[in-house]
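To be precise, the following lines are model08.tsv, and they hold TSV, C-alpha atoms.
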chain	number	residue	atom	x	y	z
Z	1	MET	CA	-17.10	8.90	21.46
Z	2	SER	CA	-17.71	11.10	18.57
Z	3	THR	CA	-17.09	14.69	19.49
Z	4	PHE	CA	-13.70	16.24	19.01
Z	5	ASP	CA	-13.19	17.55	22.50
Z	6	THR	CA	-13.87	14.39	24.48
Z	7	ILE	CA	-10.93	12.94	26.34
Z	8	PRO	CA	-11.10	9.20	26.92
Z	9	GLN	CA	-11.47	8.25	30.59
Z	10	THR	CA	-11.12	4.48	30.60
Z	11	LYS	CA	-8.75	2.08	28.92
Z	12	GLN	CA	-11.50	0.97	26.56
Z	13	GLU	CA	-12.34	4.54	25.56
Z	14	ALA	CA	-8.66	5.20	24.94
Z	15	LEU	CA	-8.41	2.08	22.81
Z	16	VAL	CA	-11.48	3.03	20.76
Z	17	GLU	CA	-10.10	6.53	20.21
Z	18	THR	CA	-6.77	5.08	19.02
Z	19	LEU	CA	-8.50	2.62	16.70
Z	20	LEU	CA	-10.59	5.40	15.16
Z	21	ARG	CA	-7.62	7.72	14.68
Z	22	LEU	CA	-5.62	5.02	12.94
Z	23	ALA	CA	-8.61	3.88	10.89
Z	24	ASP	CA	-9.68	7.38	9.79
Z	25	ASP	CA	-6.21	8.13	8.41
Z	26	ARG	CA	-6.27	4.91	6.44
Z	27	LEU	CA	-9.83	5.11	5.17
Z	28	ILE	CA	-9.46	8.66	3.88
Z	29	HIS	CA	-6.03	8.02	2.39
Z	30	GLY	CA	-7.31	4.78	0.84
Z	31	HIS	CA	-10.26	6.63	-0.66
Z	32	ARG	CA	-7.98	9.23	-2.23
Z	33	LEU	CA	-5.88	6.44	-3.74
Z	34	SER	CA	-8.98	4.69	-5.04
Z	35	GLU	CA	-9.69	7.80	-7.12
Z	36	TRP	CA	-6.78	6.69	-9.32
Z	37	ALA	CA	-8.58	3.53	-10.42
Z	38	GLY	CA	-8.84	3.78	-14.20
Z	39	HIS	CA	-6.69	6.93	-14.26
Z	40	GLY	CA	-3.19	5.58	-13.47
Z	41	PRO	CA	-0.30	6.70	-15.67
Z	42	GLU	CA	0.26	3.09	-16.79
Z	43	LEU	CA	-1.89	-0.01	-16.48
Z	44	GLU	CA	0.60	-1.57	-14.04
Z	45	GLU	CA	0.73	1.53	-11.84
Z	46	ASP	CA	-3.06	1.78	-11.94
Z	47	LEU	CA	-3.16	-1.72	-10.46
Z	48	ALA	CA	-0.48	-0.89	-7.90
Z	49	LEU	CA	-2.31	2.20	-6.63
Z	50	ALA	CA	-5.61	0.32	-6.48
Z	51	ASN	CA	-3.90	-2.46	-4.52
Z	52	VAL	CA	-2.49	-0.01	-1.99
Z	53	ALA	CA	-5.93	1.63	-1.75
Z	54	LEU	CA	-7.51	-1.74	-1.03
Z	55	ASP	CA	-4.89	-2.55	1.59
Z	56	MET	CA	-5.49	0.73	3.40
Z	57	ILE	CA	-9.27	0.51	3.28
Z	58	GLY	CA	-8.90	-3.07	4.54
Z	59	HIS	CA	-6.78	-1.89	7.47
Z	60	ALA	CA	-9.40	0.73	8.28
Z	61	ALA	CA	-12.22	-1.82	8.08
Z	62	SER	CA	-10.60	-4.18	10.58
Z	63	LEU	CA	-9.76	-1.35	13.00
Z	64	TYR	CA	-13.32	0.03	12.75
Z	65	SER	CA	-14.91	-3.35	13.27
Z	66	TYR	CA	-12.92	-3.86	16.46
Z	67	ALA	CA	-14.02	-0.41	17.64
Z	68	ALA	CA	-17.63	-1.32	16.75
Z	69	GLU	CA	-17.33	-4.50	18.78
Z	70	LEU	CA	-16.02	-2.56	21.80
Z	71	GLU	CA	-18.65	0.19	21.50
Z	72	GLY	CA	-21.53	-2.14	20.70
Z	73	LYS	CA	-22.23	-0.67	17.25
Z	74	ASP	CA	-23.63	-2.78	14.41
Z	75	ASP	CA	-20.52	-2.80	12.26
Z	76	GLU	CA	-17.67	-0.77	10.77
Z	77	ASP	CA	-20.03	1.05	8.40
Z	78	HIS	CA	-21.23	3.18	11.30
Z	79	TYR	CA	-17.86	4.93	11.45
Z	80	ALA	CA	-17.18	5.12	7.72
Z	81	TYR	CA	-20.58	6.25	6.50
Z	82	PHE	CA	-22.55	7.79	9.31
Z	83	ARG	CA	-20.18	10.30	10.87
Z	84	ASP	CA	-19.69	13.89	9.70
Z	85	ASP	CA	-16.42	15.62	8.92
Z	86	ILE	CA	-16.11	17.11	12.40
Z	87	ASP	CA	-16.09	13.58	13.85
Z	88	PHE	CA	-13.31	12.32	11.62
Z	89	LYS	CA	-9.93	12.24	13.32
Z	90	ASN	CA	-7.66	11.86	10.31
Z	91	ILE	CA	-4.79	14.25	9.66
Z	92	ALA	CA	-5.22	16.81	6.89
Z	93	MET	CA	-2.45	15.38	4.71
Z	94	VAL	CA	-4.50	12.34	3.75
Z	95	GLU	CA	-7.62	14.31	2.81
Z	96	LEU	CA	-5.89	16.64	0.34
Z	97	PRO	CA	-7.03	16.07	-3.27
Z	98	LYS	CA	-5.12	13.37	-5.10
Z	99	GLY	CA	-3.24	15.88	-7.28
Z	100	ASP	CA	-0.87	14.54	-9.91
Z	101	PHE	CA	0.96	11.22	-9.74
Z	102	GLY	CA	3.94	12.88	-8.02
Z	103	PHE	CA	1.71	14.30	-5.29
Z	104	THR	CA	0.12	10.91	-4.67
Z	105	ILE	CA	3.56	9.28	-4.45
Z	106	ALA	CA	5.06	11.95	-2.19
Z	107	ARG	CA	2.13	11.73	0.22
Z	108	GLN	CA	2.24	7.94	0.19
Z	109	PHE	CA	5.94	7.97	0.95
Z	110	LEU	CA	5.72	10.43	3.86
Z	111	PHE	CA	2.71	8.64	5.34
Z	112	SER	CA	3.97	5.08	4.83
Z	113	ALA	CA	7.34	5.98	6.35
Z	114	PHE	CA	5.47	7.32	9.37
Z	115	SER	CA	3.24	4.22	9.55
Z	116	TYR	CA	6.28	1.99	9.31
Z	117	PHE	CA	7.85	3.39	12.49
Z	118	LEU	CA	4.50	3.81	14.24
Z	119	TYR	CA	3.43	0.19	13.69
Z	120	GLN	CA	6.84	-1.12	14.71
Z	121	LYS	CA	6.53	0.69	18.00
Z	122	LEU	CA	2.87	-0.18	18.52
Z	123	ILE	CA	3.57	-3.88	17.98
Z	124	ASP	CA	6.17	-3.72	20.76
Z	125	THR	CA	3.85	-1.86	23.11
Z	126	VAL	CA	0.23	-2.92	22.65
Z	127	GLU	CA	-0.84	-5.75	24.95
Z	128	ASP	CA	-4.36	-6.16	23.57
Z	129	GLU	CA	-4.05	-9.36	21.51
Z	130	GLN	CA	-6.69	-8.63	18.92
Z	131	PHE	CA	-5.32	-5.15	18.23
Z	132	ASN	CA	-1.74	-6.36	18.13
Z	133	GLY	CA	-2.63	-9.17	15.74
Z	134	MET	CA	-4.11	-6.63	13.32
Z	135	LEU	CA	-1.06	-4.42	13.57
Z	136	GLN	CA	1.26	-7.30	12.72
Z	137	LYS	CA	-0.82	-8.22	9.71
Z	138	HIS	CA	-1.00	-4.64	8.41
Z	139	PHE	CA	2.70	-4.06	9.03
Z	140	LYS	CA	3.71	-6.44	6.23
Z	141	GLU	CA	1.64	-4.45	3.75
Z	142	ILE	CA	2.93	-1.13	5.06
Z	143	LYS	CA	6.50	-2.26	4.34
Z	144	TYR	CA	5.46	-2.83	0.75
Z	145	HIS	CA	3.71	0.56	0.48
Z	146	LEU	CA	6.87	2.21	1.75
Z	147	ARG	CA	9.08	0.34	-0.68
Z	148	HIS	CA	6.84	1.12	-3.66
Z	149	SER	CA	6.47	4.83	-2.91
Z	150	ARG	CA	10.16	5.25	-1.96
Z	151	GLU	CA	11.31	3.71	-5.23
Z	152	TRP	CA	9.04	6.11	-7.11
Z	153	VAL	CA	10.34	9.14	-5.20
Z	154	LEU	CA	13.86	8.15	-6.28
Z	155	ARG	CA	12.81	7.76	-9.91
Z	156	LEU	CA	10.77	10.95	-10.12
Z	157	GLY	CA	13.36	13.06	-8.26
Z	158	ASP	CA	16.27	11.69	-10.23
Z	159	GLY	CA	14.29	11.31	-13.47
Z	160	THR	CA	13.62	13.95	-16.08
Z	161	GLU	CA	13.82	17.70	-15.55
Z	162	GLU	CA	10.02	17.87	-15.43
Z	163	SER	CA	9.55	14.98	-13.00
Z	164	HIS	CA	12.23	16.48	-10.72
Z	165	ARG	CA	10.61	19.91	-10.73
Z	166	ARG	CA	7.11	18.54	-10.15
Z	167	ILE	CA	7.97	16.25	-7.25
Z	168	GLN	CA	10.09	18.96	-5.63
Z	169	ASP	CA	7.11	21.36	-5.88
Z	170	THR	CA	4.95	18.68	-4.33
Z	171	PHE	CA	7.22	18.15	-1.33
Z	172	ASP	CA	7.43	21.94	-0.81
Z	173	GLU	CA	3.64	22.15	-0.94
Z	174	ILE	CA	2.80	19.18	1.27
Z	175	TRP	CA	5.46	19.90	3.90
Z	176	MET	CA	3.25	22.06	6.12
Z	177	TYR	CA	0.98	19.02	6.57
Z	178	THR	CA	3.73	16.79	7.98
Z	179	GLY	CA	3.67	18.48	11.40
Z	180	GLU	CA	0.40	16.77	12.29
Z	181	LEU	CA	1.98	13.34	12.04
Z	182	PHE	CA	3.80	14.10	15.29
Z	183	ASP	CA	1.21	16.21	17.13
Z	184	LEU	CA	0.17	14.78	20.49
Z	185	ASP	CA	-3.02	15.85	22.23
Z	186	ASP	CA	-4.66	14.92	25.56
Z	187	ALA	CA	-6.44	11.94	24.03
Z	188	ASP	CA	-3.12	10.60	22.75
Z	189	ARG	CA	-1.48	11.14	26.12
Z	190	GLU	CA	-4.26	9.21	27.85
Z	191	ALA	CA	-3.92	6.41	25.29
Z	192	ILE	CA	-0.15	6.29	25.84
Z	193	LYS	CA	-0.74	6.04	29.59
Z	194	GLN	CA	-3.09	3.11	28.97
Z	195	ASN	CA	-0.53	1.35	26.74
Z	196	VAL	CA	-2.77	1.42	23.68
Z	197	PHE	CA	-0.77	4.07	21.82
Z	198	VAL	CA	2.84	5.25	21.69
Z	199	ASP	CA	4.66	8.56	21.91
Z	200	VAL	CA	5.11	9.32	18.21
Z	201	THR	CA	7.71	12.01	18.89
Z	202	GLU	CA	10.10	9.25	19.99
Z	203	PHE	CA	10.60	8.07	16.40
Z	204	LYS	CA	10.49	11.47	14.72
Z	205	GLY	CA	14.29	11.36	14.40
Z	206	GLU	CA	14.22	8.01	12.60
Z	207	TRP	CA	11.44	9.20	10.31
Z	208	LYS	CA	13.36	12.36	9.44
Z	209	GLU	CA	16.48	10.32	8.73
Z	210	LEU	CA	14.63	8.08	6.28
Z	211	VAL	CA	12.91	11.04	4.61
Z	212	ASN	CA	16.12	13.06	4.36
Z	213	SER	CA	18.21	10.21	2.98
Z	214	THR	CA	15.54	9.34	0.42
Z	215	LEU	CA	15.10	12.92	-0.77
Z	216	GLU	CA	18.85	13.39	-0.96
Z	217	GLU	CA	19.27	10.18	-2.94
Z	218	ALA	CA	16.51	11.46	-5.24
Z	219	THR	CA	18.55	14.67	-5.73
Z	220	LEU	CA	15.76	16.67	-4.05
Z	221	THR	CA	16.02	19.50	-1.53
Z	222	VAL	CA	14.56	18.70	1.90
Z	223	PRO	CA	12.09	21.47	2.81
Z	224	ASP	CA	12.34	23.38	6.08
Z	225	TYR	CA	11.03	21.38	9.06
Z	226	ASP	CA	10.67	24.57	11.09
Z	227	GLN	CA	8.19	26.28	8.78
Z	228	TYR	CA	4.54	26.92	9.69
Z	229	MET	CA	2.75	23.62	10.24
Z	230	PHE	CA	-0.98	22.98	9.82
Z	231	SER	CA	-2.67	21.38	12.84
Z	232	GLY	CA	-6.04	20.62	14.40
Z	233	SER	CA	-7.45	17.89	12.16
Z	234	ARG	CA	-7.36	15.23	14.86
Z	235	GLN	CA	-9.66	17.52	16.83
Z	236	GLY	CA	-12.06	17.85	13.91
Z	237	ARG	CA	-10.79	21.08	12.33
Z	238	HIS	CA	-10.34	19.85	8.77
Z	239	THR	CA	-9.58	21.45	5.43
Z	240	GLU	CA	-12.46	22.16	3.06
Z	241	HIS	CA	-11.58	19.01	1.11
Z	242	LEU	CA	-12.80	16.43	3.62
Z	243	GLY	CA	-16.46	17.46	3.34
Z	244	HIS	CA	-16.41	16.98	-0.43
Z	245	LEU	CA	-14.70	13.63	-0.10
Z	246	LEU	CA	-17.24	12.41	2.45
Z	247	ALA	CA	-20.16	13.62	0.35
Z	248	GLN	CA	-18.98	11.38	-2.44
Z	249	MET	CA	-17.97	8.45	-0.26
Z	250	GLN	CA	-21.03	8.44	1.99
Z	251	PHE	CA	-23.80	9.47	-0.38
Z	252	LEU	CA	-24.87	6.01	-1.54
Z	253	ARG	CA	-24.91	4.43	1.89
Z	254	ARG	CA	-26.84	7.33	3.38
Z	255	SER	CA	-29.36	7.60	0.56
Z	256	TYR	CA	-30.04	3.87	0.60
Z	257	PRO	CA	-29.27	2.78	4.14
Z	258	ASP	CA	-30.80	-0.67	3.66
Z	259	ALA	CA	-29.14	-1.43	0.35
Z	260	GLU	CA	-27.40	-4.81	0.17
Z	261	TRP	CA	-24.95	-6.53	-2.14
Z	262	LYS	CA	-26.92	-9.15	-4.07
R	1	MET	CA	12.39	5.09	-19.18
R	2	SER	CA	13.26	3.96	-22.65
R	3	ASN	CA	16.16	5.69	-24.35
R	4	ASN	CA	14.28	5.62	-27.60
R	5	SER	CA	12.52	8.98	-27.66
R	6	THR	CA	9.82	7.86	-30.08
R	7	ASN	CA	8.85	4.95	-27.82
R	8	THR	CA	7.04	6.26	-24.76
R	9	GLU	CA	5.95	2.85	-23.53
R	10	TRP	CA	7.95	1.14	-20.80
R	11	PRO	CA	9.89	-1.98	-21.79
R	12	LEU	CA	8.26	-5.39	-21.43
R	13	TRP	CA	9.30	-7.96	-18.81
R	14	GLU	CA	8.40	-11.64	-18.61
R	15	VAL	CA	7.22	-12.75	-15.19
R	16	PHE	CA	7.89	-16.14	-13.61
R	17	TYR	CA	6.75	-17.22	-10.19
R	18	GLN	CA	7.55	-20.13	-7.93
R	19	PRO	CA	4.40	-21.63	-6.44
R	20	LYS	CA	6.16	-23.39	-3.52
R	21	ASP	CA	9.63	-24.10	-2.15
R	22	GLY	CA	11.46	-26.53	-4.39
R	23	LYS	CA	8.96	-26.23	-7.26
R	24	PRO	CA	10.11	-24.97	-10.64
R	25	PHE	CA	9.28	-21.40	-11.67
R	26	GLU	CA	6.29	-21.05	-13.99
R	27	HIS	CA	5.57	-18.38	-16.55
R	28	ALA	CA	2.80	-16.07	-15.35
R	29	GLY	CA	2.64	-13.43	-18.08
R	30	ASN	CA	4.30	-10.06	-18.61
R	31	VAL	CA	4.34	-6.48	-17.34
R	32	HIS	CA	5.62	-3.11	-18.49
R	33	ALA	CA	8.09	-1.36	-16.20
R	34	PRO	CA	10.83	1.28	-16.45
R	35	ASP	CA	13.45	-0.91	-14.74
R	36	ALA	CA	14.03	-4.23	-12.95
R	37	GLU	CA	12.97	-3.15	-9.44
R	38	MET	CA	9.71	-1.64	-10.70
R	39	ALA	CA	9.16	-4.70	-12.89
R	40	LEU	CA	9.42	-6.85	-9.77
R	41	GLN	CA	6.89	-4.67	-7.94
R	42	ASN	CA	4.52	-4.55	-10.90
R	43	ALA	CA	4.78	-8.32	-11.27
R	44	ARG	CA	3.92	-8.72	-7.61
R	45	ASP	CA	0.90	-6.43	-7.94
R	46	THR	CA	-0.31	-8.05	-11.15
R	47	TYR	CA	0.38	-11.75	-10.59
R	48	ALA	CA	1.08	-12.49	-6.95
R	49	ARG	CA	-1.62	-10.77	-4.93
R	50	ARG	CA	-3.64	-13.92	-4.28
R	51	ASN	CA	-1.10	-16.26	-2.79
R	52	GLU	CA	0.08	-17.56	-6.15
R	53	GLY	CA	3.72	-17.86	-5.20
R	54	ILE	CA	6.63	-17.34	-2.86
R	55	SER	CA	9.21	-15.96	-5.28
R	56	ILE	CA	9.23	-14.00	-8.55
R	57	TRP	CA	11.67	-13.63	-11.43
R	58	VAL	CA	11.43	-10.87	-14.02
R	59	VAL	CA	13.36	-11.08	-17.26
R	60	PRO	CA	13.53	-8.43	-20.00
R	61	SER	CA	11.36	-9.88	-22.78
R	62	ASP	CA	13.91	-8.97	-25.44
R	63	GLN	CA	16.49	-11.12	-23.66
R	64	ILE	CA	14.55	-14.29	-24.29
R	65	THR	CA	15.53	-16.37	-27.31
R	66	ALA	CA	12.56	-18.35	-28.58
R	67	SER	CA	12.15	-21.05	-31.19
R	68	SER	CA	10.22	-19.91	-34.23
R	69	PRO	CA	7.01	-21.49	-35.55
R	70	GLU	CA	9.00	-22.97	-38.47
R	71	ASP	CA	11.12	-24.88	-35.96
R	72	ARG	CA	8.10	-26.81	-34.78
R	73	GLY	CA	8.55	-29.71	-37.17
R	74	PRO	CA	12.28	-30.33	-36.82
R	75	PHE	CA	12.29	-29.52	-33.08
R	76	PHE	CA	9.37	-31.47	-31.79
R	77	ASP	CA	7.97	-33.98	-34.29
R	78	PRO	CA	10.74	-36.60	-34.02
R	79	ALA	CA	9.79	-37.27	-30.41
R	80	ASN	CA	6.40	-38.61	-31.48
R	81	ASP	CA	7.72	-41.77	-33.13
R	82	LYS	CA	10.19	-42.73	-30.43
R	83	PRO	CA	8.00	-44.29	-27.78
R	84	TYR	CA	11.04	-45.90	-26.16
R	85	ARG	CA	11.94	-42.44	-24.81
R	86	HIS	CA	9.04	-42.72	-22.39
R	87	PRO	CA	9.31	-44.89	-19.29
R	88	GLN	CA	5.90	-46.39	-20.04
R	89	PHE	CA	7.47	-48.14	-23.02
R	90	TYR	CA	9.18	-50.61	-20.73
R	91	SER	CA	7.28	-53.26	-18.85
R	92	VAL	CA	8.24	-53.61	-15.23
R	93	PRO	CA	9.50	-57.06	-14.19
R	94	ARG	CA	7.23	-58.87	-11.79
R	95	ALA	CA	9.81	-58.96	-8.98
R	96	VAL	CA	10.07	-55.18	-9.02
R	97	LYS	CA	6.31	-54.70	-9.09
R	98	LYS	CA	5.87	-56.94	-6.05
R	99	ARG	CA	8.21	-54.92	-3.91
R	100	LYS	CA	6.53	-51.62	-4.10
Exercise: express the given structure as structure tokens:
Amino acid sequence: MSTFDTIPQTKQEALVETLLRLADDRLIHGHRLSEWAGHGPELEEDLALANVALDMIGHAASLYSYAAELEGKDDEDHYAYFRDDIDFKNIAMVELPKGDFGFTIARQFLFSAFSYFLYQKLIDTVEDEQFNGMLQKHFKEIKYHLRHSREWVLRLGDGTEESHRRIQDTFDEIWMYTGELFDLDDADREAIKQNVFVDVTEFKGEWKELVNSTLEEATLTVPDYDQYMFSGSRQGRHTEHLGHLLAQMQFLRRSYPDAEWK
Amino acid sequence: MSNNSTNTEWPLWEVFYQPKDGKPFEHAGNVHAPDAEMALQNARDTYARRNEGISIWVVPSDQITASSPEDRGPFFDPANDKPYRHPQFYSVPRAVKKRK
């Protein structure tokens, strides 16, 4: 399945759709993090961001390769390099440009907190052994991503006047992209029915609690949850940024499709 | 961050890791970090990403008291001429050898 308006009919189609949605979020987010390599504010933080990037791209690779196996594609590269922006099912938040360090941290925190609750619930629900095994493996790394980004939110919020102002601006700016985390469409509902996905709205309360308590501890103001929220990325309606990101990420593989690591 | 306004670099921390349960901690190297929790995370990212250990200690580098190069003679040389401090100095009686 590659078009945005296709609703999965069988359990396998629903599973593939779920795998791709999870993987797209993680590949695109991982790519944005990888843009920090060599540009981190400190050598140690440069390493930390690159490590998280590698983790997320690794999660995407294993999810894609399972989807490839189910769909009979050659390998995970098909999904990463040979689809266009309209086929990507990631949420807009992860495709936004990397911004400053505060933006990267705020996004990581909001997304990792979401992943933390999502994976917990998926691990309890998903019966498919191969999929569940991946989730358990990734979950350990997600806990670390959450811890790292949460600690930084506390330090930037409760740090200097400048760091406080900049991370507060970031949260205000990124807030309209948090709505998509909890959007459910027909494909999701089918996947939930088939036990390969979960109702994300069920843990929205827990996510909010963690976000609120962290922002409060960081002396930050929690933005308004009821403001206008961006939506539609899961159906292929992306921001202008995804096309540019893909151009950079896919160019080499598409220009030299037979290139190999020697 | 450092209280010293002319020093913009984070303080230095020494990193020790424990390779396995029950094994002594070994020195891995050092990292810069604004505080202990971040030092722990930086140490993990720098030194423990490839299964090197199961536990990490971080210690502020300026809290370590080290012997100076001039101490080398008085501290360590005397050991060289006291072979009886090593177990190999003593021959094992035949009865003990037999029983192993």
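For Thr46 of chain R, the residues within 10 Å (counting only C-alpha atoms, excluding itself and residues fewer than 6 positions away along the chain) are Leu43, Glu44, Glu45, Leu47, Ala48 and Asn51 of chain Z; Val15, Ala28, Gly29, Asn30, Val31 and Leu40 of chain R.
The residue that comes closest to chain R, out of Z:Ala68, Z:Ala106, Z:Val52, Z:Leu135 and on the basis of all atoms listed in the file, is Z:Val52.
Note that the spacing between atom CA of Gln63 of chain R and atom CA of Tyr17 of chain R amounts to 17.7 Å.
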Item to check | Residue hits in chain R, query chain Z, radius 12 Å, all atoms listed in the file, as JSON, numbers by chain | outcome: {"R": [1, 2, 3, 8, 9, 10, 11, 12, 13, 30, 31, 32, 33, 34, 35, 36, 37, 38, 39, 40, 41, 42, 43, 44, 45, 46, 47, 48, 49, 50]}
Interface rows for segment 168-220 of chain Z against segment 225-247 of chain Z: nearest pair, Å to one decimal, 9 Å, all atoms listed in the file, as CSV:
residue,atom,partner,partner_atom,distance
Z:Trp175,CA,Z:Tyr225,CA,7.7
Z:Met176,CA,Z:Met229,CA,4.4
Z:Tyr177,CA,Z:Phe230,CA,5.5
Z:Thr178,CA,Z:Met229,CA,7.3
Z:Gly179,CA,Z:Met229,CA,5.3
Z:Glu180,CA,Z:Ser231,CA,5.6
Z:Asp183,CA,Z:Ser231,CA,7.8
Z:Asp185,CA,Z:Arg234,CA,8.6
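For the pair atom CA of Leu146 of chain Z and atom CA of Ala113 of chain Z, the interatomic distance is 6.0 Å.
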Checklist entry - At a cut-off of 9 Å from (12.9, 17.2, -5.1) in the coordinates of the file, what residues are picked up using only C-alpha atoms, written as a ChimeraX atom specification? => result /Z:153,156-158,163-172,215-216,218-222
